[in-house]
Amino acid sequence: MFKTVQLLDTGEVRALREIAAAGQFVDGKISNPHSKIKNNLQLHDAQAYERSSKILLDAMVRNADFMEFSFPARIAPPLLTRYTPGMHYGLHPDAAYIPLPDGQLRTDVSCTVFLNDPADYDGGALHVRLGNADLRFREAPGVAVVYPSHTLHEVEPVTRGERLVAITFIQSLIPDAAHRNLMYELNEVAALEGGAMAPENYTRLQAVQYQLLRMWRR
């Protein structure tokens, strides 16, 4: 239901941190003015946003782990966000749809990309609730956490330093999280064991994969 992915190399992390250092950030409520739980800063600089989102999108589409786990149909341009001491984002699910210039995007999968060293700040964990499990993530620079958008999650208060991340949302070819997880597992088994199968059995497995994708794709 969730996955961590090494998404960015050190050069890409450095470039994004340089963009953030030079960019203008504003109150994160600019994109959600009625929120009572959102307390962060987000990039508000058109040129910087275009450059940073391109770096992140290019990394996503060439990363096999990311693509094979999320089955993206559309990816929202990733946005740099910053948390300084006292800032947090309370427990919430992500909105079902977000407006984009080319139409609404259904949020099936959410993604947080960590951009600075967790030693640089205290607090600020991404806390995701999955059933009875409480998962907390404070990852190394360049690591992305990918998880279903309907899950309750929060950014815990930062108490020291600065937390810098990028966030984005994915409309998946397979909207249902359980179906998406089953398809991912089936594809993983096919990739790992398919070469050892008799050709006729591997062909049968492929037929099942393709038919499930047809059934579940929207």
# chains A, B, ... in the order shown; residues from 1 in each chain; ligands from 1
$ closest_atom_pairs --of "segment 4-69 of chain A" --to "segment 186-203 of chain A" --cutoff "12 Å" --atoms "only C-alpha atoms" --output "CSV"
residue,atom,partner,partner_atom,distance
A:Ala64,CA,A:Glu188,CA,11.5
A:Asp65,CA,A:Glu188,CA,10.2
A:Met67,CA,A:Asn187,CA,11.9
A:Glu68,CA,A:Asn187,CA,8.2
A:Phe69,CA,A:Asn187,CA,9.7
$ closest_atom_pairs --of "segment 120-149 of chain A" --to "segment 2-19 of chain A" --cutoff "10 Å" --atoms "only C-alpha atoms" --output "tab-separated table"
residue	atom	partner	partner_atom	distance
A:Val128	CA	A:Phe2	CA	9.5
A:Leu130	CA	A:Phe2	CA	9.1
A:Leu135	CA	A:Phe2	CA	10.0
A:Phe137	CA	A:Thr4	CA	9.3
A:Glu139	CA	A:Thr4	CA	8.9
A:Ala140	CA	A:Gln6	CA	9.0
A:Pro141	CA	A:Val13	CA	6.7
A:Gly142	CA	A:Leu8	CA	4.4
A:Val143	CA	A:Gln6	CA	4.5
A:Ala144	CA	A:Val5	CA	5.1
A:Val145	CA	A:Thr4	CA	4.5
A:Val146	CA	A:Lys3	CA	5.2
A:Tyr147	CA	A:Phe2	CA	4.3
A:Pro148	CA	A:Phe2	CA	7.1
$ write_last_selection --atoms "N, CA and C atoms" --output "PDB file, in the first residue's frame"
ATOM      1  N   VAL A 128       1.746   8.443   8.479  1.00  0.00           N
ATOM      2  CA  VAL A 128       0.689   7.858   7.668  1.00  0.00           C
ATOM      3  C   VAL A 128       0.012   6.760   8.468  1.00  0.00           C
ATOM      4  N   LEU A 130      -2.198   3.506   8.274  1.00  0.00           N
ATOM      5  CA  LEU A 130      -2.696   2.451   7.402  1.00  0.00           C
ATOM      6  C   LEU A 130      -3.351   1.406   8.290  1.00  0.00           C
ATOM      7  N   LEU A 135       2.757   4.718  10.585  1.00  0.00           N
ATOM      8  CA  LEU A 135       4.040   4.739   9.893  1.00  0.00           C
ATOM      9  C   LEU A 135       4.584   6.157   9.900  1.00  0.00           C
ATOM     10  N   PHE A 137       7.845   8.644   8.491  1.00  0.00           N
ATOM     11  CA  PHE A 137       8.923   8.715   7.516  1.00  0.00           C
ATOM     12  C   PHE A 137       9.681  10.021   7.682  1.00  0.00           C
ATOM     13  N   GLU A 139      13.016  10.692   5.629  1.00  0.00           N
ATOM     14  CA  GLU A 139      13.893   9.978   4.708  1.00  0.00           C
ATOM     15  C   GLU A 139      15.086  10.822   4.267  1.00  0.00           C
ATOM     16  N   ALA A 140      16.065  10.135   3.690  1.00  0.00           N
ATOM     17  CA  ALA A 140      17.261  10.789   3.164  1.00  0.00           C
ATOM     18  C   ALA A 140      16.901  11.627   1.941  1.00  0.00           C
ATOM     19  N   PRO A 141      17.725  12.620   1.613  1.00  0.00           N
ATOM     20  CA  PRO A 141      17.450  13.453   0.437  1.00  0.00           C
ATOM     21  C   PRO A 141      17.328  12.616  -0.832  1.00  0.00           C
ATOM     22  N   GLY A 142      16.275  12.890  -1.601  1.00  0.00           N
ATOM     23  CA  GLY A 142      16.053  12.186  -2.856  1.00  0.00           C
ATOM     24  C   GLY A 142      15.125  11.001  -2.763  1.00  0.00           C
ATOM     25  N   VAL A 143      14.741  10.609  -1.543  1.00  0.00           N
ATOM     26  CA  VAL A 143      13.840   9.470  -1.362  1.00  0.00           C
ATOM     27  C   VAL A 143      12.394   9.955  -1.386  1.00  0.00           C
ATOM     28  N   ALA A 144      11.563   9.230  -2.141  1.00  0.00           N
ATOM     29  CA  ALA A 144      10.140   9.536  -2.226  1.00  0.00           C
ATOM     30  C   ALA A 144       9.346   8.486  -1.462  1.00  0.00           C
ATOM     31  N   VAL A 145       8.286   8.921  -0.806  1.00  0.00           N
ATOM     32  CA  VAL A 145       7.315   8.023  -0.182  1.00  0.00           C
ATOM     33  C   VAL A 145       6.018   8.137  -0.981  1.00  0.00           C
ATOM     34  N   VAL A 146       5.521   6.988  -1.434  1.00  0.00           N
ATOM     35  CA  VAL A 146       4.329   6.936  -2.280  1.00  0.00           C
ATOM     36  C   VAL A 146       3.259   6.148  -1.535  1.00  0.00           C
ATOM     37  N   TYR A 147       2.050   6.699  -1.428  1.00  0.00           N
ATOM     38  CA  TYR A 147       1.012   6.065  -0.602  1.00  0.00           C
ATOM     39  C   TYR A 147      -0.368   6.483  -1.119  1.00  0.00           C
ATOM     40  N   PRO A 148      -1.424   5.716  -0.801  1.00  0.00           N
ATOM     41  CA  PRO A 148      -2.771   6.049  -1.293  1.00  0.00           C
ATOM     42  C   PRO A 148      -3.252   7.388  -0.744  1.00  0.00           C
TER      43      PRO A 148
END
$ closest_residue --among "A:Lys54, A:His92, A:Lys36, A:Arg217" --to "Gln171 of chain A" --atoms "only C-alpha atoms"
A:Arg217
$ residues_around --residues "Gln104 of chain A" --least-positions-apart "6" --cutoff "12 Å" --atoms "only C-alpha atoms" --output "ChimeraX atom specification"
/A:74-76,95-98,169-171
$ atom_distance --atom1 "atom CA of Ala48 of chain A" --atom2 "atom CA of Val61 of chain A"
20.2 Å
$ closest_residue --among "A:Pro99, A:Pro78, A:Gly23, A:Pro85" --to "Val113 of chain A" --atoms "only C-alpha atoms"
A:Pro78
$ residues_around --residues "Leu80 of chain A" --least-positions-apart "5" --cutoff "10 Å" --atoms "only C-alpha atoms" --output "list in words"
Leu16, Arg17, Ile19, Ala20, Gly23, Phe25, Leu41, Gln42, Leu43, His44, Ala48, Tyr49, Ser52, Ser53, Thr112, Val113, Phe114, Leu115, Leu164, Val165, Ala166, Ile167 and Thr168 of chain A
$ atom_distance --atom1 "atom CA of Ala59 of chain A" --atom2 "atom CA of Ala21 of chain A"
20.6 Å
$ closest_residue --among "A:Leu152, A:Ser70, A:Tyr83, A:Thr159" --to "Ala177 of chain A" --atoms "only C-alpha atoms"
A:Ser70
$ residues_around --residues "Pro175 of chain A" --least-positions-apart "6" --cutoff "10 Å" --atoms "only C-alpha atoms" --output "list of chain:residue names"
A:Ser70, A:Phe71, A:Pro72, A:Ala73, A:Arg106, A:Thr107, A:Asp108, A:Val109, A:Pro148, A:Trp216, A:Arg217, A:Arg218
$ select_by_dssp --residues "segment 44-101 of chain A" --states "strand (DSSP E or B)" --output "JSON, numbers by chain"
{"A": [72, 73, 74, 75, 79, 80, 81, 82, 83, 88, 89, 90, 91, 92, 97, 98]}
$ write_last_selection --atoms "N, CA and C atoms" --output "compact mmCIF listing (two decimals), in the first residue's frame"
# COMPACT_ATOMS: atom_id res chain seq x y z
N PRO A 72 0.89 5.57 -13.24
CA PRO A 72 0.35 6.92 -13.45
C PRO A 72 -0.31 7.10 -14.81
N ALA A 73 -1.47 7.73 -14.80
CA ALA A 73 -2.10 8.23 -16.01
C ALA A 73 -1.78 9.72 -16.16
N ARG A 74 -1.79 10.44 -15.02
CA ARG A 74 -1.42 11.85 -14.98
C ARG A 74 -0.70 12.12 -13.66
N ILE A 75 0.25 13.05 -13.69
CA ILE A 75 0.98 13.45 -12.48
C ILE A 75 0.89 14.97 -12.38
N LEU A 79 5.30 20.28 -6.23
CA LEU A 79 5.43 21.59 -5.61
C LEU A 79 6.38 21.51 -4.43
N LEU A 80 7.33 22.45 -4.35
CA LEU A 80 8.24 22.52 -3.21
C LEU A 80 7.52 23.15 -2.02
N THR A 81 7.64 22.51 -0.86
CA THR A 81 7.05 23.05 0.37
C THR A 81 8.10 23.05 1.47
N ARG A 82 7.95 23.99 2.38
CA ARG A 82 8.95 24.21 3.44
C ARG A 82 8.24 24.31 4.78
N TYR A 83 8.87 23.72 5.80
CA TYR A 83 8.37 23.79 7.17
C TYR A 83 9.49 24.31 8.06
N HIS A 88 3.42 22.72 10.80
CA HIS A 88 2.94 21.34 10.72
C HIS A 88 1.78 21.30 9.72
N TYR A 89 1.29 20.10 9.46
CA TYR A 89 0.07 19.93 8.65
C TYR A 89 -0.71 18.82 9.33
N GLY A 90 -1.85 19.18 9.92
CA GLY A 90 -2.62 18.24 10.73
C GLY A 90 -3.15 17.05 9.95
N LEU A 91 -3.68 16.10 10.67
CA LEU A 91 -4.16 14.85 10.10
C LEU A 91 -5.28 15.10 9.08
N HIS A 92 -5.13 14.48 7.90
CA HIS A 92 -6.10 14.72 6.83
C HIS A 92 -5.96 13.66 5.74
N TYR A 97 -10.11 15.41 -5.75
CA TYR A 97 -9.74 16.01 -7.04
C TYR A 97 -9.01 17.33 -6.77
N ILE A 98 -8.06 17.64 -7.63
CA ILE A 98 -7.41 18.95 -7.58
C ILE A 98 -7.49 19.57 -8.96
$ closest_atom_pairs --of "segment 128-174 of chain A" --to "segment 178-182 of chain A" --cutoff "9 Å" --atoms "only C-alpha atoms" --output "tab-separated table"
residue	atom	partner	partner_atom	distance
A:Ser172	CA	A:Arg180	CA	8.6
A:Leu173	CA	A:Arg180	CA	8.6
A:Ile174	CA	A:Arg180	CA	5.6
$ select_by_dssp --residues "segment 4-215 of chain A" --states "alpha helix (DSSP H)" --output "PyMOL selection string"
chain A and resi 10-22+46-61+64-70+177-193+199-215
$ write_last_selection --atoms "C-alpha atoms" --output "PDB file, in the first residue's frame"
ATOM      1  CA  THR A  10      22.629  14.066  -5.563  1.00  0.00           C
ATOM      2  CA  GLY A  11      22.835  16.500  -8.478  1.00  0.00           C
ATOM      3  CA  GLU A  12      19.052  16.729  -8.747  1.00  0.00           C
ATOM      4  CA  VAL A  13      18.690  17.202  -4.993  1.00  0.00           C
ATOM      5  CA  ARG A  14      21.304  19.975  -5.097  1.00  0.00           C
ATOM      6  CA  ALA A  15      19.550  21.702  -8.006  1.00  0.00           C
ATOM      7  CA  LEU A  16      16.196  21.608  -6.212  1.00  0.00           C
ATOM      8  CA  ARG A  17      17.676  22.963  -3.004  1.00  0.00           C
ATOM      9  CA  GLU A  18      19.280  25.810  -4.946  1.00  0.00           C
ATOM     10  CA  ILE A  19      15.931  26.621  -6.566  1.00  0.00           C
ATOM     11  CA  ALA A  20      14.277  26.599  -3.145  1.00  0.00           C
ATOM     12  CA  ALA A  21      16.976  28.823  -1.630  1.00  0.00           C
ATOM     13  CA  ALA A  22      16.472  31.463  -4.329  1.00  0.00           C
ATOM     14  CA  ALA A  46       6.344  30.656 -11.688  1.00  0.00           C
ATOM     15  CA  GLN A  47       9.788  30.213 -13.210  1.00  0.00           C
ATOM     16  CA  ALA A  48      11.182  28.363 -10.195  1.00  0.00           C
ATOM     17  CA  TYR A  49       8.070  26.166 -10.102  1.00  0.00           C
ATOM     18  CA  GLU A  50       8.489  25.267 -13.767  1.00  0.00           C
ATOM     19  CA  ARG A  51      12.176  24.376 -13.324  1.00  0.00           C
ATOM     20  CA  SER A  52      11.711  22.383 -10.123  1.00  0.00           C
ATOM     21  CA  SER A  53       8.647  20.472 -11.321  1.00  0.00           C
ATOM     22  CA  LYS A  54      10.436  19.481 -14.536  1.00  0.00           C
ATOM     23  CA  ILE A  55      13.377  18.021 -12.592  1.00  0.00           C
ATOM     24  CA  LEU A  56      10.986  16.025 -10.424  1.00  0.00           C
ATOM     25  CA  LEU A  57       8.661  14.875 -13.229  1.00  0.00           C
ATOM     26  CA  ASP A  58      11.593  13.764 -15.384  1.00  0.00           C
ATOM     27  CA  ALA A  59      12.926  11.721 -12.460  1.00  0.00           C
ATOM     28  CA  MET A  60       9.529  10.132 -11.852  1.00  0.00           C
ATOM     29  CA  VAL A  61       8.846   8.996 -15.408  1.00  0.00           C
ATOM     30  CA  ALA A  64      10.792   2.067 -12.856  1.00  0.00           C
ATOM     31  CA  ASP A  65       9.879   1.572  -9.167  1.00  0.00           C
ATOM     32  CA  PHE A  66       7.775   4.728  -9.126  1.00  0.00           C
ATOM     33  CA  MET A  67       6.031   3.990 -12.422  1.00  0.00           C
ATOM     34  CA  GLU A  68       5.346   0.329 -11.688  1.00  0.00           C
ATOM     35  CA  PHE A  69       3.948   1.040  -8.220  1.00  0.00           C
ATOM     36  CA  SER A  70       1.693   4.002  -9.061  1.00  0.00           C
ATOM     37  CA  ALA A 177      -5.583   0.850  -4.079  1.00  0.00           C
ATOM     38  CA  ALA A 178      -6.166  -2.864  -3.419  1.00  0.00           C
ATOM     39  CA  HIS A 179      -6.336  -3.648  -7.141  1.00  0.00           C
ATOM     40  CA  ARG A 180      -3.243  -1.521  -7.760  1.00  0.00           C
ATOM     41  CA  ASN A 181      -1.331  -3.380  -5.061  1.00  0.00           C
ATOM     42  CA  LEU A 182      -2.340  -6.774  -6.477  1.00  0.00           C
ATOM     43  CA  MET A 183      -1.269  -5.720  -9.964  1.00  0.00           C
ATOM     44  CA  TYR A 184       2.073  -4.500  -8.651  1.00  0.00           C
ATOM     45  CA  GLU A 185       2.711  -7.802  -6.847  1.00  0.00           C
ATOM     46  CA  LEU A 186       1.709  -9.830  -9.904  1.00  0.00           C
ATOM     47  CA  ASN A 187       4.009  -7.783 -12.131  1.00  0.00           C
ATOM     48  CA  GLU A 188       6.860  -8.201  -9.650  1.00  0.00           C
ATOM     49  CA  VAL A 189       6.454 -11.994  -9.643  1.00  0.00           C
ATOM     50  CA  ALA A 190       6.328 -12.013 -13.449  1.00  0.00           C
ATOM     51  CA  ALA A 191       9.495  -9.932 -13.650  1.00  0.00           C
ATOM     52  CA  LEU A 192      11.385 -12.022 -11.098  1.00  0.00           C
ATOM     53  CA  GLU A 193      10.233 -15.506 -12.099  1.00  0.00           C
ATOM     54  CA  PRO A 199       7.018 -20.138 -22.395  1.00  0.00           C
ATOM     55  CA  GLU A 200       3.394 -21.256 -22.596  1.00  0.00           C
ATOM     56  CA  ASN A 201       2.874 -20.621 -18.862  1.00  0.00           C
ATOM     57  CA  TYR A 202       4.488 -17.189 -19.039  1.00  0.00           C
ATOM     58  CA  THR A 203       2.167 -16.350 -21.942  1.00  0.00           C
ATOM     59  CA  ARG A 204      -0.815 -17.383 -19.813  1.00  0.00           C
ATOM     60  CA  LEU A 205       0.459 -15.174 -16.977  1.00  0.00           C
ATOM     61  CA  GLN A 206       0.759 -12.233 -19.362  1.00  0.00           C
ATOM     62  CA  ALA A 207      -2.803 -12.791 -20.527  1.00  0.00           C
ATOM     63  CA  VAL A 208      -3.997 -12.542 -16.917  1.00  0.00           C
ATOM     64  CA  GLN A 209      -1.957  -9.353 -16.347  1.00  0.00           C
ATOM     65  CA  TYR A 210      -3.317  -7.675 -19.464  1.00  0.00           C
ATOM     66  CA  GLN A 211      -6.912  -8.654 -18.772  1.00  0.00           C
ATOM     67  CA  LEU A 212      -6.772  -7.397 -15.197  1.00  0.00           C
ATOM     68  CA  LEU A 213      -5.361  -4.107 -16.431  1.00  0.00           C
ATOM     69  CA  ARG A 214      -8.229  -3.829 -18.914  1.00  0.00           C
ATOM     70  CA  MET A 215     -10.750  -4.578 -16.147  1.00  0.00           C
TER      71      MET A 215
END
$ atom_distance --atom1 "atom CA of His153 of chain A" --atom2 "atom CA of Asp134 of chain A"
9.4 Å
$ closest_residue --among "A:Arg136, A:Ser149, A:Val26, A:Gly124" --to "Glu162 of chain A" --atoms "only C-alpha atoms"
A:Gly124
